[in-house]
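The structure under discussion appears below in the form of structure tokens.
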Amino acid sequence: MNSRDSESNAMHSGGGPQAPAAPLRMEALVSLCARRGILHPSGEIYGGLNGFWDYGPLGVELKNELKALWWRRVVRERDDVEGMDGAIITHPRTWQASGHVEHFSDPMVDCRACQRRFRADQLADAPDCEAEASGQHDFTEPRDFNLMLETNIGASRDAASLAYLRAETCGSIFPAFKRVRDAARQRVPFGIAQIGKAFRNEINPRNFTFRSREFEQAELEFFCRPGETGKWFEHWLDQRLRFHRELGFGEQVLRTRAHGPDELAHYCGRAMDIEFRFPFGWQEIEGIHDRGSYDLSQHAEFSGKDLSEFDEQEKQRFVPEVVETSVGVDRTLLALLCNGYAEEALPDGERRTLLRLAPLVAPIKLAVLPLSKKLAEPARRLAADLRRSFQVFYDDSGNIGRRYRRQDEVGTPWCATWDFDSQQDGAVTLRDRDSMKQERVAASRVGGWLRERLEAAP
Ligand code: ATP
């Protein structure tokens with residue numbers, strides 16, 4: 001038997017899946033994620049902690065790939081954006097200046113019958129009351145609940161030692177504006193970008209990782225001259241939509257939604273959400289905001305430092321305005337999983353589960369599979385060689401069909417099978433995850449073959 005046999009019937013009888021993909025059940029995805037080392041509840045052996053998640057061996061690779069792609073597109077490939085990595089806990093005045101201490105809250109209600117708490121603006125999605133046969137809740141009046149997570153710094157626990165875990169990563173960008181601008185010898189227009197953890201004491205964490213209490217954001221604050229903010233808003237909206245399309249999000253799952261005047265903060269000129277169609281509905285994965293000069297003006301006032309720029313042409317000072325793009329890393333990762341998950345019936349009667357992840361972000365790019373354990377040595381050598389440039393997985397246990405299925409399930413775009421013919425012709429069979437098509441490629445060319453495909457990815 002050579003490596004092509006196990007799926008050759010499927011290919012010859014029409015190629016690819018025969019039945020339409022079934023709609024995604026979130027439970028199936030949650031189970032796959034835990035089983036295959038993508039992500040699981042944090043503190044699982046103690047029953048988990050609501051709103052906190054741990055990423056496993058494949059999840060951390062997927063997340064790193066996603067963040068690396070964002071960093072490449074937003075920072076490395078441009079000369080008008082600088083990166084930084086600020087502290088999670090920063091000076092508490094930062095959060096007074098930004099308005100978070102006073103205003104960063106959601107409206108909360110309690111149910112007098114079942115004692116549970118809900119966000120007053122999301123009651124339509126609230127599960128039935130557990131204490132009333134009718135299922136009807138008996139709600140209190142809404143009151144504001146501040147989402148900032150607090151901690152204390154140093155030995156005492158009093159008002160003076162109070163500090164906050166950042167509620168959004170940009171909290172450390174604005175106070176560093178002048179330092180980064182001068183150190184990097186930038187002048188407006190330019191941006192500062194950062195990826196990092198953010199914390200919100202969400203009233204109802206839910207929908208898997210969609211609403212968590214600890215999550216990661218990738219944010220860009222792009223500083224520009226007053227009067228040019230509209231142009232830069234359009235530019236960044238276009239760039240960010242391109243990014244999501246690169247991840248494989250097509251028109252049927254991606255849309256934009258402009259905020260109405262009643263949703264805009266008083267300083268916000270314009271806001272646009274990029275939404276993804278999750279199995280639980282259209283939801284925001286990224287926000288793009290014209291924040292005017294609010295942030296730098298506030299920090300200038302609270303710190304007493306001059307954060308303005310000198311306009312050489314107009315010979316006067318101005319406070320830069322800001323276009324912000326803020327995307328949730330975990331939410332985008334969840335969108336990738338939802339978008340990629342499929343269960344398919346194959347022509348030979350078998351079924352497969354697969355994750356159609358864009359190759360650029362797939363946690364494993366190539367699996368090297370010797371057809372028999374007797375071929376382990378040359379296959380291991382090939383894997384070790386390719387590992388220097390790509391994430392490569394080696395697997396020699398179980399029949400080849402089952403090994404393909406295991407890779408399909410975690411989104412590995414290609415498998416290279418070393419079979420008995422390889423000993424003679426020095427070639428391997430490369431199998432494509434989505435089409436299941438196979439082709440013979442010289443083992444020495446596999447690295448180049450992979451690179452070509454990764455570079456050609458949309
Ligand atoms: P939502 O209305 O869903 O609470 P938001 O408008 O408060 O979101 P922003 O403050 O604009 O969100 O944050 C930017 C991005 O950070 C969001 O688009 C989302 O991807 C991510 N994000 C925000 N809150 C959470 C959370 N609790 N869990 C996971 N990701 C989040």
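Chain identifiers are assigned as A, B, and so on, following the order in which chains appear in the structure tokens; residues are numbered from 1 within each chain, and ligands are numbered from 1 in order of appearance.
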
Taking only residues of chain A that have an atom at most 9 Å from an atom of ligand 1, what is each one's shortest atom pair and its distance in Å to one decimal, using only C-alpha atoms and all ligand atoms, in chain and number order, as a tab-separated table?
residue	atom	partner	partner_atom_place_in_ligand_line	distance
A:Gly51	CA	ligand 1	28 (N)	8.1
A:Asp106	CA	ligand 1	4 (O)	9.0
A:Ala167	CA	ligand 1	10 (O)	8.1
A:Glu168	CA	ligand 1	10 (O)	6.8
A:Ala198	CA	ligand 1	25 (C)	8.3
A:Phe199	CA	ligand 1	27 (N)	7.6
A:Arg200	CA	ligand 1	27 (N)	6.1
A:Asn201	CA	ligand 1	27 (N)	8.0
A:Glu202	CA	ligand 1	27 (N)	6.1
A:Pro205	CA	ligand 1	27 (N)	7.0
A:Arg206	CA	ligand 1	28 (N)	8.9
A:Thr209	CA	ligand 1	29 (C)	6.4
A:Phe210	CA	ligand 1	29 (C)	5.1
A:Arg211	CA	ligand 1	28 (N)	3.6
A:Ser212	CA	ligand 1	28 (N)	3.9
A:Arg213	CA	ligand 1	27 (N)	5.4
A:Glu214	CA	ligand 1	28 (N)	6.8
A:Phe215	CA	ligand 1	29 (C)	5.3
A:Glu216	CA	ligand 1	30 (N)	6.9
A:Gln217	CA	ligand 1	16 (O)	5.6
A:Ala218	CA	ligand 1	16 (O)	8.1
A:Glu219	CA	ligand 1	14 (C)	8.1
A:Asp273	CA	ligand 1	18 (O)	7.3
A:Ile274	CA	ligand 1	18 (O)	7.7
A:Glu275	CA	ligand 1	18 (O)	8.4
A:Gln283	CA	ligand 1	3 (O)	7.2
A:Glu284	CA	ligand 1	18 (O)	5.2
A:Ile285	CA	ligand 1	20 (O)	3.9
A:Glu286	CA	ligand 1	18 (O)	3.6
A:Gly287	CA	ligand 1	11 (O)	5.0
A:Ile288	CA	ligand 1	11 (O)	7.8
A:His289	CA	ligand 1	11 (O)	8.5
A:Thr325	CA	ligand 1	14 (C)	8.0
A:Ser326	CA	ligand 1	14 (C)	4.7
A:Val327	CA	ligand 1	15 (C)	4.6
A:Gly328	CA	ligand 1	20 (O)	3.2
A:Val329	CA	ligand 1	20 (O)	6.7
A:Asp330	CA	ligand 1	29 (C)	6.1
A:Arg331	CA	ligand 1	20 (O)	5.2
A:Thr332	CA	ligand 1	20 (O)	6.9

When DSSP works through the backbone of this structure, what residues of segment 56-285 of chain A end up as strand (DSSP E or B), shown as an MDAnalysis selection string?
chainID A and resid 81:83 89 105:111 117:119 139 143:146 149:152 162:165 190:199 206 211 214:224 254:258 270:278 281:285

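You can rank A:Ile88, A:Ala97, A:Cys33, A:Leu333 by their closest distance to Glu301 of chain A using only C-alpha atoms, and at the top of that list sits A:Ala97.
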
So that I can see what lies close to Ile89 of chain A, please list as a ChimeraX atom specification the residues with an atom at most 12 Å from it, counting only C-alpha atoms and leaving out residues fewer than 4 positions away in the same chain.
/A:85,93-95,148-153,162-169,171-172,196-199

Arg73 of chain A proximity check over A:Leu354, A:Leu334, A:Leu220, A:Val428, using only C-alpha atoms: winner is A:Leu220

To one decimal in Å, tell me the separation between atom CA of Ala358 of chain A and atom CA of Leu247 of chain A.
5.6 Å

For His100 of chain A, the closest of A:Ser397, A:Asn339, A:Asn146, A:Gln298 counting only C-alpha atoms is A:Asn146

For atom CA of Phe118 of chain A and atom CA of Arg25 of chain A, quote the distance in Å rounded to one decimal.
24.4 Å

Env of segment 248-251 of chain A: 9 Å cut, atoms = only C-alpha atoms, seq-sep filter 4 positions within chain, self excluded. Answer as a count of residues only.
11

Could you tell me how far atom CA of Asp432 of chain A sits from atom CA of Val60 of chain A, in Å to one decimal place?
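Pair atom CA of Val60 of chain A / atom CA of Asp432 of chain A returns 23.5 Å.
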